[in-house]
Amino acid sequence: MDLNLQTNTEHFTNPLYLESGRILEPYDITYETYGELNEDKSNVIVVCHALTGSHHAAGFYEEERKPGWWDGLIGSGKTIDTDKYFVICTNVIGSCFGSTGPMSPKHPYHEPYRYKFPVVTIKDMVKAQRILFDRLDIHRVEAIIGGSMGGMQALQFAIHYPNFAKKIIALATTYATQPWAIAFNKVASESILKDPDFKQGYYDPEVIKENGLSGMAVGRMAGHISFLSHESMDEKFGREYKRTDGLYELFGKFQVESYLEYNGYNFTKWFDPLAYLYITKAINIYDLSRGFDSLSEALQKITAELCLISFSNDLLFKSDEMKHIDDVLTQNGQNNHKYIEIPSDYGHDAFLVELDKFQHYIKDMLDG
């Protein structure tokens, strides 16, 4: 049985009231579904994407060489089994893959919002998704699963819509973004803002798609360093030098330098720079305890069964941060949770790459 991949966009004319007090109106949400919805709509799994991800989590589009970003997990007979579950992944508001973001046309004009787009938070992204699910007549789901920024969304769902999901599985994430991660995001944002081709936000998106944006590429290189680890870089590149370069050429490159360059510059041709600034802002200000007296009070709202999965060598969101959530839940006397630290040398991106190390935990949680 195939994935039955379908992509849709829903248009909303009611105002979306944001955490900042501002309003987004109207707005679109693009989403992708896999599998078949059963008659009583009890087989839904929501998958949430990370910073540069999109609604395209699995399967192939016709023109694609690479499948969706979690294709190894989602599909017929796979961990998130589309023979059994109806899987939905939505593109978050603020992104650049179909949902309303800073380069979307501002109603009633045809010019993009650019800096007139309001700052959105992770909680706003989740609220918009919840409104989408209401429209789709889905009021309770089996599970919400996500890694990194996707894990932030899963935890926000658990706190702010406690009766919406039976199970929450959050990977490689945190309870509040720490200074280390904010610092890497600062390098990226500063690199974008200081690039003359960014034109203070008034760039032509078609020109950027064609030529890329060197400042953003540099910022993305910094991001890539935070996604990996000493060990994974050593294993992947060692001290190998680019075969066509000489050791004593000033601009001769190590393999790791070529990798960062290639990924950095390539990235700028498919991800919008303003969307990057807005989404990293949402990540920076993410804090589960905002609006509560403490993290403990926030976590007391959770009624779903919770599975927290961290990776031992994650430099971006350290295992201690996930363990802290588990400890606070235990102190609260909540017992419907478990914490698993996966031994890994890969770093933060392990949740996208080392599926064989954690997929059985997800399967156990879904089957339980």
# chains A, B, ... in the order shown; residues from 1 in each chain; ligands from 1
$ select_by_dssp --residues "region 143-348 of chain A" --states "strand (DSSP E or B)" --output "ChimeraX atom specification"
/A:143-147,165-171,176,241,254,287,305-311,337-342
$ select_by_dssp --residues "region 65-289 of chain A" --states "alpha helix (DSSP H)" --output "PyMOL selection string"
chain A and resi 122-135+149-160+179-193+205-211+214-227+230-236+255-267+273-285
$ residues_around --residues "Gly347 (chain A)" --least-positions-apart "5" --cutoff "12 Å" --atoms "only C-alpha atoms" --output "ChimeraX atom specification"
/A:148,172,224-233,310-319,342,352-354
$ residues_around --residues "region 40-47 of chain A" --least-positions-apart "2" --cutoff "6 Å" --atoms "only C-alpha atoms" --output "list in words"
Leu37, Asn38, Tyr85, Phe86, Val87, Ile88, Cys89, Val141, Glu142, Ala143, Ile144, Ile145 and Gly146 of chain A
$ write_last_selection --atoms "all heavy atoms" --output "compact mmCIF listing (two decimals), in the first residue's frame"
# COMPACT_ATOMS: atom_id res chain seq x y z
N LEU A 37 -7.91 8.28 6.75
CA LEU A 37 -8.60 8.62 8.00
C LEU A 37 -9.70 7.58 8.23
O LEU A 37 -10.52 7.33 7.33
CB LEU A 37 -9.20 10.02 7.88
CG LEU A 37 -9.83 10.65 9.12
CD1 LEU A 37 -8.82 10.79 10.24
CD2 LEU A 37 -10.42 12.02 8.77
N ASN A 38 -9.72 6.95 9.42
CA ASN A 38 -10.77 5.96 9.66
C ASN A 38 -12.10 6.63 10.00
O ASN A 38 -12.17 7.86 10.15
CB ASN A 38 -10.33 4.93 10.72
CG ASN A 38 -10.12 5.53 12.09
OD1 ASN A 38 -10.46 6.70 12.34
ND2 ASN A 38 -9.56 4.77 13.00
N TYR A 85 -2.29 4.37 10.46
CA TYR A 85 -2.53 5.75 10.92
C TYR A 85 -2.74 6.72 9.77
O TYR A 85 -2.23 6.53 8.67
CB TYR A 85 -1.35 6.24 11.76
CG TYR A 85 -1.10 5.45 13.01
CD1 TYR A 85 0.03 4.64 13.14
CD2 TYR A 85 -2.00 5.49 14.08
CE1 TYR A 85 0.26 3.90 14.28
CE2 TYR A 85 -1.78 4.75 15.24
CZ TYR A 85 -0.65 3.96 15.33
OH TYR A 85 -0.43 3.23 16.47
N PHE A 86 -3.48 7.77 10.08
CA PHE A 86 -3.63 8.92 9.17
C PHE A 86 -2.69 10.00 9.72
O PHE A 86 -2.90 10.49 10.83
CB PHE A 86 -5.08 9.39 9.17
CG PHE A 86 -5.35 10.56 8.27
CD1 PHE A 86 -5.23 10.44 6.88
CD2 PHE A 86 -5.74 11.79 8.79
CE1 PHE A 86 -5.50 11.51 6.04
CE2 PHE A 86 -6.01 12.87 7.96
CZ PHE A 86 -5.89 12.72 6.58
N VAL A 87 -1.67 10.32 8.97
CA VAL A 87 -0.61 11.21 9.46
C VAL A 87 -0.77 12.59 8.82
O VAL A 87 -0.97 12.70 7.60
CB VAL A 87 0.79 10.63 9.13
CG1 VAL A 87 1.89 11.52 9.69
CG2 VAL A 87 0.92 9.21 9.68
N ILE A 88 -0.69 13.63 9.65
CA ILE A 88 -0.77 15.02 9.17
C ILE A 88 0.48 15.77 9.59
O ILE A 88 0.88 15.72 10.75
CB ILE A 88 -1.99 15.78 9.78
CG1 ILE A 88 -3.29 15.05 9.50
CG2 ILE A 88 -2.05 17.20 9.24
CD1 ILE A 88 -4.51 15.76 10.09
N CYS A 89 1.07 16.48 8.63
CA CYS A 89 2.18 17.39 8.95
C CYS A 89 1.86 18.74 8.33
O CYS A 89 1.60 18.83 7.12
CB CYS A 89 3.50 16.85 8.41
SG CYS A 89 4.93 17.87 8.85
N VAL A 141 -6.43 13.37 18.81
CA VAL A 141 -5.49 12.58 18.00
C VAL A 141 -4.79 11.54 18.87
O VAL A 141 -4.71 11.67 20.10
CB VAL A 141 -4.45 13.48 17.29
CG1 VAL A 141 -5.13 14.49 16.39
CG2 VAL A 141 -3.51 14.19 18.28
N GLU A 142 -4.28 10.52 18.20
CA GLU A 142 -3.58 9.45 18.90
C GLU A 142 -2.25 9.94 19.46
O GLU A 142 -1.90 9.66 20.60
CB GLU A 142 -3.35 8.27 17.93
CG GLU A 142 -2.73 7.05 18.56
CD GLU A 142 -3.59 6.41 19.64
OE1 GLU A 142 -4.83 6.57 19.61
OE2 GLU A 142 -3.02 5.74 20.52
N ALA A 143 -1.51 10.70 18.65
CA ALA A 143 -0.18 11.16 19.09
C ALA A 143 0.27 12.39 18.32
O ALA A 143 -0.17 12.64 17.19
CB ALA A 143 0.84 10.03 18.89
N ILE A 144 1.15 13.15 18.98
CA ILE A 144 1.85 14.26 18.33
C ILE A 144 3.34 13.98 18.50
O ILE A 144 3.80 13.72 19.62
CB ILE A 144 1.49 15.63 18.94
CG1 ILE A 144 -0.02 15.87 18.82
CG2 ILE A 144 2.27 16.75 18.27
CD1 ILE A 144 -0.53 17.08 19.56
N ILE A 145 4.07 14.01 17.40
CA ILE A 145 5.49 13.65 17.41
C ILE A 145 6.30 14.73 16.71
O ILE A 145 5.91 15.21 15.64
CB ILE A 145 5.71 12.30 16.67
CG1 ILE A 145 4.75 11.23 17.19
CG2 ILE A 145 7.16 11.83 16.81
CD1 ILE A 145 4.77 9.92 16.39
N GLY A 146 7.43 15.11 17.32
CA GLY A 146 8.30 16.09 16.66
C GLY A 146 9.67 16.15 17.29
O GLY A 146 9.84 15.82 18.47
$ closest_residue --among "A:Asp28, A:Glu305, A:Asp364, A:Glu19" --to "Ser95 (chain A)" --atoms "only C-alpha atoms"
A:Asp28
$ residues_around --residues "region 150-167 of chain A" --least-positions-apart "3" --cutoff "7 Å" --atoms "only C-alpha atoms" --output "ChimeraX atom specification"
/A:48-50,122-123,126,139-147,170-171,173-174,288,298-299,301-306
$ closest_residue --among "A:Pro26, A:Thr7, A:Ile169, A:His107" --to "Thr90 (chain A)" --atoms "only C-alpha atoms"
A:Thr7
$ decode --residues "region 260-273 of chain A" --atoms "all heavy atoms" --output "compact mmCIF listing (two decimals), in the first residue's frame"
# COMPACT_ATOMS: atom_id res chain seq x y z
N LEU A 260 30.58 22.43 4.64
CA LEU A 260 29.87 23.60 5.18
C LEU A 260 29.53 24.59 4.08
O LEU A 260 28.43 25.14 4.05
CB LEU A 260 30.71 24.28 6.27
CG LEU A 260 30.84 23.52 7.59
CD1 LEU A 260 31.82 24.23 8.52
CD2 LEU A 260 29.50 23.35 8.29
N GLU A 261 30.47 24.81 3.18
CA GLU A 261 30.24 25.72 2.06
C GLU A 261 29.08 25.23 1.19
O GLU A 261 28.16 25.98 0.88
CB GLU A 261 31.50 25.83 1.19
CG GLU A 261 32.25 27.10 1.43
CD GLU A 261 33.42 27.25 0.46
OE1 GLU A 261 33.41 26.69 -0.65
OE2 GLU A 261 34.36 27.95 0.84
N TYR A 262 29.17 23.97 0.80
CA TYR A 262 28.14 23.41 -0.09
C TYR A 262 26.76 23.51 0.55
O TYR A 262 25.80 24.00 -0.06
CB TYR A 262 28.46 21.95 -0.43
CG TYR A 262 27.36 21.28 -1.21
CD1 TYR A 262 27.22 21.50 -2.57
CD2 TYR A 262 26.43 20.45 -0.56
CE1 TYR A 262 26.20 20.90 -3.29
CE2 TYR A 262 25.40 19.86 -1.27
CZ TYR A 262 25.29 20.09 -2.64
OH TYR A 262 24.25 19.51 -3.34
N ASN A 263 26.64 23.06 1.80
CA ASN A 263 25.34 23.08 2.48
C ASN A 263 24.86 24.50 2.75
O ASN A 263 23.67 24.79 2.62
CB ASN A 263 25.41 22.29 3.78
CG ASN A 263 25.25 20.80 3.53
OD1 ASN A 263 24.18 20.33 3.19
ND2 ASN A 263 26.34 20.06 3.65
N GLY A 264 25.77 25.37 3.14
CA GLY A 264 25.40 26.75 3.43
C GLY A 264 24.87 27.47 2.21
O GLY A 264 23.78 28.05 2.23
N TYR A 265 25.60 27.42 1.10
CA TYR A 265 25.19 28.17 -0.09
C TYR A 265 23.98 27.53 -0.77
O TYR A 265 23.11 28.23 -1.29
CB TYR A 265 26.37 28.30 -1.07
CG TYR A 265 27.35 29.35 -0.59
CD1 TYR A 265 28.49 28.99 0.13
CD2 TYR A 265 27.11 30.71 -0.79
CE1 TYR A 265 29.36 29.95 0.62
CE2 TYR A 265 27.99 31.69 -0.30
CZ TYR A 265 29.11 31.29 0.40
OH TYR A 265 29.96 32.25 0.89
N ASN A 266 23.91 26.22 -0.75
CA ASN A 266 22.77 25.53 -1.33
C ASN A 266 21.48 25.90 -0.60
O ASN A 266 20.44 26.15 -1.22
CB ASN A 266 23.02 24.02 -1.23
CG ASN A 266 22.36 23.26 -2.34
OD1 ASN A 266 22.13 23.80 -3.41
ND2 ASN A 266 22.04 22.01 -2.10
N PHE A 267 21.56 25.93 0.71
CA PHE A 267 20.40 26.22 1.57
C PHE A 267 19.75 27.55 1.21
O PHE A 267 18.52 27.68 1.20
CB PHE A 267 20.88 26.23 3.03
CG PHE A 267 19.85 26.69 4.02
CD1 PHE A 267 18.75 25.91 4.31
CD2 PHE A 267 19.99 27.91 4.66
CE1 PHE A 267 17.80 26.33 5.23
CE2 PHE A 267 19.04 28.35 5.58
CZ PHE A 267 17.94 27.55 5.86
N THR A 268 20.56 28.56 0.89
CA THR A 268 20.02 29.91 0.67
C THR A 268 19.18 30.01 -0.60
O THR A 268 18.46 30.98 -0.78
CB THR A 268 21.15 30.96 0.61
OG1 THR A 268 21.90 30.77 -0.59
CG2 THR A 268 22.06 30.86 1.80
N LYS A 269 19.28 28.99 -1.45
CA LYS A 269 18.50 29.04 -2.70
C LYS A 269 17.10 28.45 -2.52
O LYS A 269 16.26 28.58 -3.41
CB LYS A 269 19.25 28.31 -3.82
CG LYS A 269 20.55 29.04 -4.18
CD LYS A 269 21.30 28.36 -5.29
CE LYS A 269 22.56 29.17 -5.64
NZ LYS A 269 23.31 28.55 -6.75
N TRP A 270 16.86 27.79 -1.39
CA TRP A 270 15.52 27.22 -1.20
C TRP A 270 14.82 27.64 0.10
O TRP A 270 13.65 27.34 0.29
CB TRP A 270 15.54 25.69 -1.31
CG TRP A 270 16.42 24.95 -0.36
CD1 TRP A 270 17.70 24.54 -0.58
CD2 TRP A 270 16.10 24.49 0.97
NE1 TRP A 270 18.19 23.88 0.52
CE2 TRP A 270 17.24 23.82 1.47
CE3 TRP A 270 14.97 24.58 1.78
CZ2 TRP A 270 17.27 23.27 2.76
CZ3 TRP A 270 15.00 24.03 3.05
CH2 TRP A 270 16.14 23.38 3.53
N PHE A 271 15.52 28.37 0.97
CA PHE A 271 14.85 28.83 2.20
C PHE A 271 14.91 30.35 2.26
O PHE A 271 15.97 30.96 2.11
CB PHE A 271 15.50 28.22 3.45
CG PHE A 271 14.58 28.20 4.64
CD1 PHE A 271 13.78 27.10 4.90
CD2 PHE A 271 14.48 29.30 5.48
CE1 PHE A 271 12.91 27.08 5.98
CE2 PHE A 271 13.60 29.30 6.56
CZ PHE A 271 12.82 28.18 6.81
N ASP A 272 13.76 30.96 2.52
CA ASP A 272 13.67 32.42 2.50
C ASP A 272 14.35 33.06 3.71
O ASP A 272 14.13 32.63 4.84
CB ASP A 272 12.19 32.83 2.47
CG ASP A 272 12.01 34.32 2.52
OD1 ASP A 272 12.34 34.97 1.52
OD2 ASP A 272 11.58 34.83 3.57
N PRO A 273 15.18 34.10 3.50
CA PRO A 273 15.91 34.71 4.63
C PRO A 273 15.03 35.36 5.69
O PRO A 273 15.32 35.26 6.89
CB PRO A 273 16.85 35.73 3.97
CG PRO A 273 16.42 35.86 2.56
CD PRO A 273 15.64 34.65 2.20
